[in-house]
file final_8.txt (compact mmCIF, C-alpha atoms and all ligand atoms)
# COMPACT_ATOMS: atom_id res chain seq x y z
CA MET A 1 -32.45 11.54 -16.01
CA LYS A 2 -29.52 9.63 -14.46
CA ASP A 3 -30.55 6.57 -12.47
CA ASP A 4 -28.33 6.59 -9.37
CA ALA A 5 -29.54 3.10 -8.42
CA THR A 6 -27.86 1.51 -11.47
CA PRO A 7 -24.50 0.07 -10.41
CA PRO A 8 -21.53 1.06 -12.65
CA GLN A 9 -20.49 -1.58 -15.18
CA PRO A 10 -17.48 -3.51 -13.88
CA THR A 11 -14.17 -2.80 -15.59
CA PHE A 12 -11.33 -5.17 -16.41
CA SER A 13 -7.83 -5.06 -17.87
CA LEU A 14 -5.65 -7.74 -19.44
CA SER A 15 -1.86 -7.77 -19.66
CA LYS A 16 0.64 -9.93 -21.47
CA SER A 17 3.60 -10.59 -19.21
CA ASP A 18 5.25 -13.15 -16.96
CA ALA A 19 3.02 -13.57 -13.87
CA VAL A 20 5.65 -12.37 -11.38
CA SER A 21 6.57 -9.34 -13.51
CA PHE A 22 2.89 -8.51 -13.85
CA LEU A 23 2.47 -8.51 -10.06
CA ARG A 24 5.63 -6.46 -9.54
CA ALA A 25 4.00 -3.57 -11.35
CA PHE A 26 1.27 -3.28 -8.68
CA ASP A 27 1.66 -1.03 -5.66
CA ASP A 28 1.93 -2.59 -2.18
CA GLY A 29 -1.49 -3.32 -0.70
CA SER A 30 -3.48 -2.45 -3.81
CA VAL A 31 -5.39 -5.68 -4.53
CA ASP A 32 -8.44 -7.14 -2.75
CA LEU A 33 -8.27 -10.77 -3.83
CA VAL A 34 -6.04 -13.10 -5.86
CA VAL A 35 -7.61 -16.21 -7.39
CA THR A 36 -5.27 -18.09 -9.69
CA ASP A 37 -4.51 -21.39 -11.36
CA PRO A 38 -0.82 -21.67 -12.31
CA PRO A 39 0.35 -24.29 -14.82
CA TYR A 40 2.15 -26.22 -12.07
CA GLU A 41 5.06 -28.55 -12.77
CA SER A 42 3.32 -31.82 -11.89
CA LEU A 43 0.98 -31.33 -14.87
CA GLU A 44 3.98 -32.48 -16.91
CA LYS A 45 3.96 -35.77 -14.99
CA HIS A 46 0.27 -36.32 -15.69
CA ARG A 47 1.01 -35.66 -19.33
CA ALA A 48 3.99 -38.02 -19.35
CA ILE A 49 1.94 -40.96 -18.03
CA GLY A 50 -0.74 -40.32 -20.57
CA THR A 51 -3.78 -38.91 -18.80
CA THR A 52 -3.49 -35.29 -19.85
CA THR A 53 -1.15 -35.71 -22.84
CA ARG A 54 -4.28 -36.14 -24.91
CA LEU A 55 -5.26 -32.58 -24.24
CA LYS A 56 -2.61 -31.29 -26.56
CA HIS A 57 -4.34 -31.83 -29.86
CA SER A 58 -7.44 -33.75 -28.89
CA LYS A 59 -11.03 -32.84 -29.63
CA ALA A 60 -11.52 -32.45 -25.88
CA SER A 61 -9.56 -29.23 -26.00
CA SER A 62 -9.67 -26.28 -28.33
CA ASN A 63 -6.10 -25.12 -27.72
CA ASP A 64 -2.53 -26.39 -27.60
CA TRP A 65 -0.92 -27.04 -24.25
CA PHE A 66 0.77 -24.15 -22.44
CA ALA A 67 4.11 -23.44 -20.73
CA ILE A 68 4.71 -24.76 -17.21
CA PHE A 69 5.43 -22.55 -14.19
CA PRO A 70 8.29 -24.37 -12.36
CA ASN A 71 8.06 -25.20 -8.63
CA SER A 72 11.28 -23.23 -8.10
CA ARG A 73 9.36 -20.00 -8.87
CA PHE A 74 6.54 -20.32 -6.31
CA GLU A 75 8.54 -18.54 -3.62
CA GLU A 76 8.83 -15.33 -5.68
CA LEU A 77 5.23 -15.65 -6.84
CA PHE A 78 3.90 -15.88 -3.26
CA ALA A 79 6.09 -13.01 -2.08
CA GLU A 80 4.53 -10.80 -4.76
CA ILE A 81 0.98 -11.95 -4.10
CA TYR A 82 1.44 -11.24 -0.38
CA ARG A 83 2.89 -7.80 -1.12
CA VAL A 84 0.17 -6.64 -3.53
CA LEU A 85 -2.75 -7.77 -1.35
CA LYS A 86 -4.26 -5.25 1.05
CA LYS A 87 -4.39 -6.15 4.75
CA ASN A 88 -7.03 -8.70 5.76
CA ARG A 89 -7.51 -10.31 2.38
CA HIS A 90 -7.70 -13.84 0.92
CA PHE A 91 -5.78 -15.72 -1.74
CA TYR A 92 -6.96 -18.91 -3.51
CA LEU A 93 -4.69 -21.21 -5.49
CA PHE A 94 -6.01 -24.01 -7.71
CA CYS A 95 -3.64 -26.99 -7.74
CA ASP A 96 -3.32 -30.76 -7.60
CA GLN A 97 -2.46 -32.83 -4.50
CA GLU A 98 1.26 -33.06 -5.26
CA THR A 99 1.64 -29.30 -5.72
CA ALA A 100 -0.44 -28.64 -2.59
CA PHE A 101 2.11 -30.42 -0.37
CA PHE A 102 4.93 -28.48 -2.01
CA VAL A 103 3.41 -24.99 -1.95
CA LYS A 104 1.63 -24.93 1.44
CA PRO A 105 4.84 -24.28 3.45
CA LEU A 106 5.97 -21.74 0.86
CA GLY A 107 2.71 -19.82 1.25
CA GLU A 108 3.13 -19.84 5.03
CA ALA A 109 6.74 -18.70 4.72
CA ALA A 110 5.54 -15.76 2.59
CA GLY A 111 3.33 -14.66 5.55
CA PHE A 112 -0.03 -16.25 4.74
CA ARG A 113 -2.13 -18.29 7.11
CA PHE A 114 -3.14 -21.53 5.42
CA TRP A 115 -6.70 -22.53 6.33
CA LYS A 116 -7.51 -25.62 4.31
CA PRO A 117 -7.84 -27.03 0.81
CA LEU A 118 -11.28 -26.49 -0.67
CA ILE A 119 -12.46 -29.18 -3.05
CA TRP A 120 -13.85 -28.61 -6.51
CA ASP A 121 -16.05 -31.69 -7.00
CA LYS A 122 -16.42 -32.29 -10.74
CA ARG A 123 -19.38 -34.58 -10.07
CA LYS A 124 -18.22 -37.21 -12.61
CA ILE A 125 -15.09 -39.36 -12.58
CA GLY A 126 -12.22 -38.60 -14.96
CA MET A 127 -8.87 -40.26 -15.76
CA GLY A 128 -6.36 -41.89 -13.41
CA TYR A 129 -5.03 -45.30 -12.37
CA HIS A 130 -5.01 -44.93 -8.58
CA TYR A 131 -8.68 -44.11 -8.02
CA ARG A 132 -10.27 -42.16 -10.84
CA ALA A 133 -9.98 -38.39 -10.48
CA ARG A 134 -13.11 -36.49 -9.55
CA TYR A 135 -11.80 -33.46 -7.70
CA GLU A 136 -9.22 -30.68 -7.69
CA MET A 137 -7.95 -28.66 -4.76
CA ILE A 138 -8.12 -24.94 -4.12
CA LEU A 139 -5.77 -23.83 -1.34
CA PHE A 140 -7.30 -21.19 0.90
CA PHE A 141 -4.76 -18.67 2.28
CA GLU A 142 -5.33 -15.53 4.35
CA LYS A 143 -3.29 -12.35 4.84
CA GLY A 144 -4.25 -10.87 8.22
CA LYS A 145 -7.79 -11.74 9.25
CA ARG A 146 -10.95 -11.51 7.16
CA LYS A 147 -14.34 -13.09 7.77
CA LEU A 148 -15.93 -14.93 4.90
CA ASN A 149 -19.12 -13.22 3.71
CA ASP A 150 -21.31 -16.29 4.20
CA LEU A 151 -20.35 -18.70 6.98
CA GLY A 152 -22.79 -21.31 5.69
CA ILE A 153 -20.88 -22.22 2.50
CA PRO A 154 -19.32 -25.74 2.51
CA ASP A 155 -15.69 -26.52 1.63
CA ILE A 156 -16.75 -28.71 -1.30
CA ILE A 157 -17.84 -26.75 -4.37
CA GLU A 158 -19.74 -28.75 -6.94
CA ALA A 159 -19.50 -27.82 -10.62
CA ASP A 160 -19.31 -29.95 -13.77
CA ARG A 161 -15.92 -30.16 -15.46
CA ILE A 162 -15.52 -28.19 -18.70
CA TYR A 163 -15.43 -30.20 -21.92
CA ARG A 164 -13.87 -28.85 -25.12
CA GLY A 165 -12.67 -25.71 -23.41
CA TYR A 166 -9.27 -24.12 -22.85
CA PRO A 167 -6.78 -26.68 -21.40
CA THR A 168 -7.49 -27.10 -17.66
CA GLU A 169 -10.26 -24.49 -17.84
CA LYS A 170 -11.98 -23.99 -14.48
CA PRO A 171 -15.72 -23.33 -14.25
CA ALA A 172 -16.52 -19.66 -13.57
CA LYS A 173 -19.08 -21.08 -11.13
CA VAL A 174 -16.25 -22.19 -8.81
CA SER A 175 -14.47 -18.81 -8.90
CA ARG A 176 -17.83 -17.18 -8.30
CA VAL A 177 -18.09 -18.86 -4.90
CA LEU A 178 -14.55 -17.74 -3.94
CA ILE A 179 -15.09 -14.14 -5.08
CA SER A 180 -18.52 -13.90 -3.41
CA GLN A 181 -17.05 -15.13 -0.16
CA SER A 182 -13.94 -12.94 -0.07
CA THR A 183 -14.78 -9.56 -1.68
CA GLN A 184 -17.36 -6.79 -1.73
CA PRO A 185 -18.81 -5.27 -4.93
CA GLY A 186 -16.37 -2.90 -6.63
CA GLU A 187 -13.26 -4.52 -5.13
CA LEU A 188 -10.32 -5.59 -7.32
CA VAL A 189 -9.79 -9.28 -8.15
CA VAL A 190 -6.50 -10.31 -9.81
CA ASP A 191 -5.50 -13.47 -11.70
CA PRO A 192 -1.87 -13.53 -12.96
CA PHE A 193 -2.41 -16.82 -14.91
CA VAL A 194 -5.75 -15.91 -16.43
CA GLY A 195 -6.00 -18.60 -19.15
CA SER A 196 -9.45 -18.40 -20.73
CA GLY A 197 -10.58 -15.82 -18.17
CA SER A 198 -12.89 -17.86 -15.91
CA THR A 199 -11.95 -15.78 -12.84
CA GLY A 200 -12.58 -12.56 -14.77
CA VAL A 201 -15.98 -13.76 -15.98
CA ALA A 202 -17.03 -14.49 -12.39
CA ALA A 203 -15.57 -11.21 -11.10
CA VAL A 204 -17.33 -8.87 -13.55
CA ASP A 205 -20.53 -10.87 -13.30
CA LEU A 206 -20.46 -10.15 -9.56
CA GLY A 207 -19.71 -6.44 -10.08
CA ARG A 208 -16.03 -6.62 -9.09
CA SER A 209 -13.14 -5.03 -11.02
CA PHE A 210 -10.69 -7.45 -12.55
CA ALA A 211 -7.06 -7.47 -13.73
CA GLY A 212 -5.83 -10.56 -15.57
CA ASN A 213 -2.56 -11.58 -17.16
CA ASP A 214 -1.15 -14.41 -19.28
CA ILE A 215 1.91 -14.98 -21.43
CA CYS A 216 -0.14 -16.54 -24.19
CA ASP A 217 -1.89 -14.43 -26.87
CA GLU A 218 -4.56 -17.05 -27.51
CA ALA A 219 -5.45 -17.16 -23.81
CA LEU A 220 -5.81 -13.38 -23.76
CA ARG A 221 -7.96 -13.39 -26.87
CA VAL A 222 -10.35 -15.95 -25.38
CA ALA A 223 -10.35 -14.25 -21.97
CA ARG A 224 -11.13 -10.84 -23.49
CA GLU A 225 -14.03 -12.24 -25.50
CA ARG A 226 -15.52 -14.06 -22.50
CA ILE A 227 -15.13 -11.21 -19.99
CA CYS A 228 -16.65 -8.70 -22.44
CA ALA A 229 -19.55 -11.11 -23.02
CA ALA A 230 -20.05 -11.22 -19.24
CA GLY A 231 -20.49 -7.42 -19.24
CA GLY A 232 -16.98 -6.23 -18.41
CA ILE A 233 -15.76 -2.91 -19.83
CA GLU A 234 -12.09 -3.05 -20.80
CA ARG A 235 -9.71 -0.33 -19.67
CA PRO A 236 -5.97 -0.05 -20.36
CA ALA A 237 -3.87 -2.12 -17.96
CA ALA A 238 -1.73 0.86 -16.92
CA CYS A 239 -4.74 2.65 -15.35
CA GLN A 240 -4.80 0.29 -12.39
CA ARG A 241 -1.35 1.29 -11.16
CA LYS A 242 0.03 4.41 -9.65
CA THR A 243 3.60 3.42 -10.61
CA SER A 244 3.09 3.98 -14.31
CA THR A 245 6.58 5.40 -14.91
CA HIS A 246 8.21 2.32 -13.40
CA GLN A 247 5.90 0.17 -15.44
CA LEU A 248 6.75 1.93 -18.67
CA THR A 249 10.46 1.51 -17.93
CA LEU A 250 9.94 -2.21 -17.46
CA GLY A 251 7.85 -2.37 -20.61
CA ILE A 252 5.20 -4.49 -18.92
CA GLY A 253 1.49 -4.27 -18.49
CA ALA A 254 1.02 -3.42 -22.14
CA ARG A 255 -2.43 -3.91 -23.54
CA THR A 256 -2.44 -6.82 -25.95
C1 LIG B 1 -3.82 -23.66 -15.88
S1 LIG B 1 -3.95 -22.38 -17.07
C2 LIG B 1 -5.19 -21.31 -16.43
C3 LIG B 1 -6.56 -21.78 -16.81
C4 LIG B 1 -7.65 -20.85 -16.31
N1 LIG B 1 -7.85 -21.01 -14.89
C5 LIG B 1 -8.95 -21.06 -17.05
O1 LIG B 1 -9.99 -21.34 -16.42
O2 LIG B 1 -8.95 -21.00 -18.29
C6 LIG B 1 -2.46 -21.50 -16.80
C7 LIG B 1 -2.17 -20.35 -17.72
O3 LIG B 1 -0.93 -19.77 -17.33
C8 LIG B 1 -0.24 -19.28 -18.49
N2 LIG B 1 1.18 -19.17 -18.15
C9 LIG B 1 2.17 -20.10 -18.19
N3 LIG B 1 3.32 -19.60 -17.70
C10 LIG B 1 3.07 -18.31 -17.36
C11 LIG B 1 3.84 -17.28 -16.80
N4 LIG B 1 5.14 -17.47 -16.47
N5 LIG B 1 3.27 -16.09 -16.57
C12 LIG B 1 1.94 -15.88 -16.89
N6 LIG B 1 1.15 -16.82 -17.43
C13 LIG B 1 1.70 -18.02 -17.65
C14 LIG B 1 -0.57 -20.27 -19.58
O4 LIG B 1 -0.47 -19.67 -20.85
C15 LIG B 1 -2.01 -20.69 -19.20
O5 LIG B 1 -2.94 -19.95 -19.95

call {"tool": "encode", "arguments": {"input": "final_8.txt", "output": "structure tokens", "more": "lines below"}}
Ligand SMILES: C[S@@+](CC[C@H](N)C(=O)[O-])C[C@H]1O[C@@H](n2cnc3c(N)ncnc32)[C@H](O)[C@@H]1O
result
Amino acid sequence: MKDDATPPQPTFSLSKSDAVSFLRAFDDGSVDLVVTDPPYESLEKHRAIGTTTRLKHSKASSNDWFAIFPNSRFEELFAEIYRVLKKNRHFYLFCDQETAFFVKPLGEAAGFRFWKPLIWDKRKIGMGYHYRARYEMILFFEKGKRKLNDLGIPDIIEADRIYRGYPTEKPAKVSRVLISQSTQPGELVVDPFVGSGSTGVAAVDLGRSFAGNDICDEALRVARERICAAGGIERPAACQRKTSTHQLTLGIGART
């Protein structure tokens, strides 16, 4: 006999495309939440002065470094994120302090209300010459007006940094807080720079649907493995969009 109390297993899809092209294939107002972590330009500076250069082939990281998303492209990225989100939804962007100053006005110009940076407290100090780094920022933007699910959650999220993971991997525990706060079960969470899939792991674990994207095959391989292990059921990327003809013409959203 069918048990109606058992929630359906959460589904996910992964695409290989440029982040902006990936978003362009979504219909207007079709996404419930975007949580993403672009490879921002200032990472190159950290690498140049030596703190993150070591990631490239060090034992602290299992993968090579990835391509950078230039500051000049944030305007088009934010326009697409704003367009694909439904009314009264949230958008979270992981970034460093330098990128935060640059992108905040661009997010506002795209139509978002900027609330505040949340802090991911890594609980232990890392590298750096001008006070050792212990935190990263997550910019909290809103389209329309939406109440957070739990008004008692602080703006500092504590989670240990990831060692020997994907370069700049974020703990799923941090994304879990963001997704719990800004979606309901069954809603669609999207990450156009999915990396090793931390956002997807948190989303399916919380019973949300997930659509991720990356330009890197290795990222997609790792993400797929992790999201499946978290209980996600993969479906073809094209299923999430109504504009499948347009998508086929563009040749994007292909399953990798
Ligand atoms: C900072 S990492 C994301 C890490 C992820 N949050 C995690 O926990 O593993 C950024 C990712 O963006 C990808 N990327 C770089 N340029 C891209 C682009 N134009 N479109 C889509 N993905 C891109 C890189 O391959 C990399 O995996």

call {"tool": "closest_atom_pairs", "arguments": {"input": "final_8.txt", "of": "chain A", "to": "ligand LIG 1 (chain B)", "cutoff": "7 Å", "atoms": "only C-alpha atoms and all ligand atoms", "output": "CSV"}}
result
residue,atom,partner,partner_atom,distance
A:Ser17,CA,B:LIG1,C12,6.0
A:Asp18,CA,B:LIG1,N5,3.6
A:Ala19,CA,B:LIG1,N5,3.7
A:Val20,CA,B:LIG1,N5,6.8
A:Thr36,CA,B:LIG1,N1,6.5
A:Asp37,CA,B:LIG1,N1,4.9
A:Pro38,CA,B:LIG1,C6,4.8
A:Pro39,CA,B:LIG1,C1,4.3
A:Phe66,CA,B:LIG1,O4,4.9
A:Ala67,CA,B:LIG1,C9,4.6
A:Ile68,CA,B:LIG1,N3,5.4
A:Phe69,CA,B:LIG1,N3,5.0
A:Tyr166,CA,B:LIG1,O2,5.5
A:Pro167,CA,B:LIG1,C3,6.7
A:Thr168,CA,B:LIG1,C1,5.3
A:Glu169,CA,B:LIG1,O1,3.5
A:Lys170,CA,B:LIG1,O1,3.8
A:Pro171,CA,B:LIG1,O1,6.4
A:Pro192,CA,B:LIG1,C12,6.0
A:Phe193,CA,B:LIG1,O3,4.1
A:Val194,CA,B:LIG1,C4,5.3
A:Gly195,CA,B:LIG1,O5,3.4
A:Ser196,CA,B:LIG1,O2,3.6
A:Gly197,CA,B:LIG1,O2,5.4
A:Ser198,CA,B:LIG1,O1,4.6
A:Thr199,CA,B:LIG1,O1,6.9
A:Asn213,CA,B:LIG1,C12,6.2
A:Asp214,CA,B:LIG1,N6,3.8
A:Ile215,CA,B:LIG1,N6,4.5
A:Cys216,CA,B:LIG1,O4,4.6
A:Ala219,CA,B:LIG1,O5,5.4

call {"tool": "write_last_selection", "arguments": {"input": "final_8.txt", "atoms": "C-alpha atoms", "output": "tab-separated table (two decimals), in the coordinates of the input"}}
result
chain	number	residue	atom	x	y	z
A	17	SER	CA	3.60	-10.59	-19.21
A	18	ASP	CA	5.25	-13.15	-16.96
A	19	ALA	CA	3.02	-13.57	-13.87
A	20	VAL	CA	5.65	-12.37	-11.38
A	36	THR	CA	-5.27	-18.09	-9.69
A	37	ASP	CA	-4.51	-21.39	-11.36
A	38	PRO	CA	-0.82	-21.67	-12.31
A	39	PRO	CA	0.35	-24.29	-14.82
A	66	PHE	CA	0.77	-24.15	-22.44
A	67	ALA	CA	4.11	-23.44	-20.73
A	68	ILE	CA	4.71	-24.76	-17.21
A	69	PHE	CA	5.43	-22.55	-14.19
A	166	TYR	CA	-9.27	-24.12	-22.85
A	167	PRO	CA	-6.78	-26.68	-21.40
A	168	THR	CA	-7.49	-27.10	-17.66
A	169	GLU	CA	-10.26	-24.49	-17.84
A	170	LYS	CA	-11.98	-23.99	-14.48
A	171	PRO	CA	-15.72	-23.33	-14.25
A	192	PRO	CA	-1.87	-13.53	-12.96
A	193	PHE	CA	-2.41	-16.82	-14.91
A	194	VAL	CA	-5.75	-15.91	-16.43
A	195	GLY	CA	-6.00	-18.60	-19.15
A	196	SER	CA	-9.45	-18.40	-20.73
A	197	GLY	CA	-10.58	-15.82	-18.17
A	198	SER	CA	-12.89	-17.86	-15.91
A	199	THR	CA	-11.95	-15.78	-12.84
A	213	ASN	CA	-2.56	-11.58	-17.16
A	214	ASP	CA	-1.15	-14.41	-19.28
A	215	ILE	CA	1.91	-14.98	-21.43
A	216	CYS	CA	-0.14	-16.54	-24.19
A	219	ALA	CA	-5.45	-17.16	-23.81

call {"tool": "atom_distance", "arguments": {"input": "final_8.txt", "atom1": "CA of Gly126 in chain A", "atom2": "CA of Phe91 in chain A"}}
result
27.2 Å

call {"tool": "atom_distance", "arguments": {"input": "final_8.txt", "atom1": "CA of Phe74 in chain A", "atom2": "CA of Val103 in chain A"}}
result
7.1 Å

call {"tool": "closest_residue", "arguments": {"input": "final_8.txt", "among": "A:Tyr92, A:Phe210, A:Phe12, A:Tyr129", "to": "Glu187 in chain A", "atoms": "only C-alpha atoms"}}
result
A:Phe210

call {"tool": "closest_residue", "arguments": {"input": "final_8.txt", "among": "A:Leu151, A:Ile227, A:Ile138, A:Leu85", "to": "Gly207 in chain A", "atoms": "all atoms listed in the file"}}
result
A:Ile227

call {"tool": "residues_around", "arguments": {"input": "final_8.txt", "residues": "Ala202 in chain A", "least_positions_apart": "6", "cutoff": "8 Å", "atoms": "only C-alpha atoms", "output": "ChimeraX atom specification"}}
result
/A:172-173,175-176,179

call {"tool": "axis_aligned_box", "arguments": {"input": "final_8.txt", "around": "range 208-227 of chain A", "padding_each_side": "6 Å", "output": "AutoDock Vina command-line options"}}
result
--center_x -7.1 --center_y -11.1 --center_z -18.3 --size_x 29.9 --size_y 24.1 --size_z 30.4

call {"tool": "closest_residue", "arguments": {"input": "final_8.txt", "among": "A:Gly107, A:Leu93, A:Leu43, A:Asp191", "to": "Ala223 in chain A", "atoms": "all atoms listed in the file"}}
result
A:Asp191

call {"tool": "atom_distance", "arguments": {"input": "final_8.txt", "atom1": "CA of Leu14 in chain A", "atom2": "CA of Ala237 in chain A"}}
result
6.1 Å

call {"tool": "closest_residue", "arguments": {"input": "final_8.txt", "among": "A:Leu220, A:Ala230, A:Cys95, A:Met127", "to": "Ser42 in chain A", "atoms": "all atoms listed in the file"}}
result
A:Cys95

call {"tool": "closest_residue", "arguments": {"input": "final_8.txt", "among": "A:Phe112, A:Glu75, A:Thr11, A:Gly152", "to": "Gly232 in chain A", "atoms": "all atoms listed in the file"}}
result
A:Thr11

call {"tool": "closest_residue", "arguments": {"input": "final_8.txt", "among": "A:Lys147, A:Arg226, A:Arg208, A:Arg134", "to": "His90 in chain A", "atoms": "all atoms listed in the file"}}
result
A:Lys147

call {"tool": "residues_around", "arguments": {"input": "final_8.txt", "residues": "Lys122 in chain A", "least_positions_apart": "4", "cutoff": "10 Å", "atoms": "only C-alpha atoms", "output": "PDB file with C-alpha atoms, in the coordinates of the input"}}
result
ATOM      1  CA  GLY A 126     -12.220 -38.600 -14.960  1.00  0.00           C
ATOM      2  CA  ALA A 133      -9.980 -38.390 -10.480  1.00  0.00           C
ATOM      3  CA  ARG A 134     -13.110 -36.490  -9.550  1.00  0.00           C
ATOM      4  CA  TYR A 135     -11.800 -33.460  -7.700  1.00  0.00           C
ATOM      5  CA  GLU A 136      -9.220 -30.680  -7.690  1.00  0.00           C
ATOM      6  CA  ILE A 157     -17.840 -26.750  -4.370  1.00  0.00           C
ATOM      7  CA  GLU A 158     -19.740 -28.750  -6.940  1.00  0.00           C
ATOM      8  CA  ALA A 159     -19.500 -27.820 -10.620  1.00  0.00           C
ATOM      9  CA  ASP A 160     -19.310 -29.950 -13.770  1.00  0.00           C
ATOM     10  CA  ARG A 161     -15.920 -30.160 -15.460  1.00  0.00           C
ATOM     11  CA  ILE A 162     -15.520 -28.190 -18.700  1.00  0.00           C
ATOM     12  CA  PRO A 171     -15.720 -23.330 -14.250  1.00  0.00           C
TER      13      PRO A 171
END
